[in-house]
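Source file coords-v1.tsv; content: TSV, C-alpha atoms.
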chain	number	residue	atom	x	y	z
A	159	MET	CA	12.69	-9.28	-80.02
A	160	GLU	CA	12.60	-13.06	-80.19
A	161	TYR	CA	10.37	-14.69	-82.78
A	162	PRO	CA	8.57	-18.01	-82.18
A	163	LYS	CA	10.18	-21.06	-83.73
A	164	PRO	CA	8.35	-22.61	-86.68
A	165	LEU	CA	6.32	-25.75	-86.01
A	166	THR	CA	7.17	-29.11	-87.54
A	167	PHE	CA	4.65	-30.49	-90.00
A	168	GLU	CA	3.52	-33.04	-87.40
A	169	ALA	CA	3.05	-30.31	-84.77
A	170	LEU	CA	1.17	-28.19	-87.31
A	171	ALA	CA	-1.16	-31.13	-88.05
A	172	ASP	CA	-1.76	-31.56	-84.31
A	173	LEU	CA	-2.59	-27.87	-84.02
A	174	PHE	CA	-5.10	-28.17	-86.86
A	175	LYS	CA	-6.69	-31.17	-85.10
A	176	GLN	CA	-7.00	-29.16	-81.88
A	177	ARG	CA	-8.78	-26.43	-83.84
A	178	GLY	CA	-11.35	-28.84	-85.23
A	179	MET	CA	-9.92	-29.81	-88.61
A	180	GLU	CA	-9.89	-33.41	-89.76
A	181	VAL	CA	-6.27	-34.30	-90.54
A	182	LEU	CA	-5.06	-37.71	-91.70
A	183	ASP	CA	-1.49	-38.98	-91.58
A	184	LYS	CA	-1.20	-38.67	-95.37
A	185	ASP	CA	-2.12	-34.98	-95.07
A	186	ILE	CA	1.22	-34.26	-93.38
A	187	GLU	CA	2.95	-34.98	-96.70
A	188	LYS	CA	0.60	-32.53	-98.39
A	189	LEU	CA	1.50	-29.87	-95.83
A	190	LYS	CA	5.09	-30.10	-97.03
A	191	HIS	CA	4.00	-28.93	-100.49
A	192	ILE	CA	1.21	-26.54	-99.50
A	193	ASN	CA	2.57	-24.26	-96.82
A	194	TYR	CA	0.61	-22.88	-93.87
A	195	TYR	CA	0.02	-19.47	-95.44
A	196	LYS	CA	-1.45	-20.88	-98.64
A	197	LEU	CA	-3.67	-23.19	-96.59
A	198	LYS	CA	-4.75	-20.23	-94.48
A	199	GLU	CA	-5.67	-18.35	-97.66
A	200	PHE	CA	-7.83	-21.28	-98.84
A	201	ALA	CA	-9.54	-21.57	-95.44
A	202	HIS	CA	-10.31	-17.85	-95.12
A	203	PRO	CA	-13.88	-18.08	-96.50
A	204	PHE	CA	-14.71	-20.75	-93.90
A	205	ALA	CA	-13.54	-18.71	-90.90
A	206	LYS	CA	-16.17	-17.70	-88.37
A	207	VAL	CA	-16.54	-13.96	-87.92
A	208	LYS	CA	-18.41	-12.32	-85.07
A	209	PHE	CA	-19.64	-8.78	-85.68
A	210	LEU	CA	-19.62	-6.59	-82.59
A	211	CYS	CA	-20.91	-3.54	-84.43
A	212	ASP	CA	-20.89	-2.21	-87.99
A	213	ILE	CA	-17.12	-1.62	-88.01
A	214	ILE	CA	-15.46	-4.06	-85.61
A	215	ARG	CA	-15.28	-7.78	-86.34
A	216	ILE	CA	-13.40	-10.52	-84.54
A	217	ARG	CA	-12.29	-13.75	-86.17
A	218	ILE	CA	-12.94	-16.71	-83.90
Just give me the structure as structure tokens.
Amino acid sequence: MEYPKPLTFEALADLFKQRGMEVLDKDIEKLKHINYYKLKEFAHPFAKVKFLCDIIRIRI
């Protein structure tokens, strides 16, 4: 199985912009010290969740 190649910090910033985040050029330097997974952990409480029933939920 082939895994996807990791994104560059610039490509990651562009992806965040496409998803509605405000990203400045200086934030790319910060991404080098705070990796994607730590940032994802910080952003988790702000994620939108749609409840389809009592058990199933979908993160959008």
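Our summary of the geometry notes that CA of Asp183 in chain A is positioned 8.8 Å from CA of Glu168 in chain A.
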* Please provide the set of residues having any atom within 12 Å of range 188-197 of chain A, restricted to only C-alpha atoms, with same-chain residues fewer than 5 positions apart removed, written as an MDAnalysis selection string. => chainID A and resid 164:171 173:174 181:183 202:204
* Could you check how far CA of Ile186 in chain A sits from CA of Pro162 in chain A, in Å to one decimal? =>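 Interatomic distance, CA of Ile186 in chain A to CA of Pro162 in chain A: 21.1 Å.
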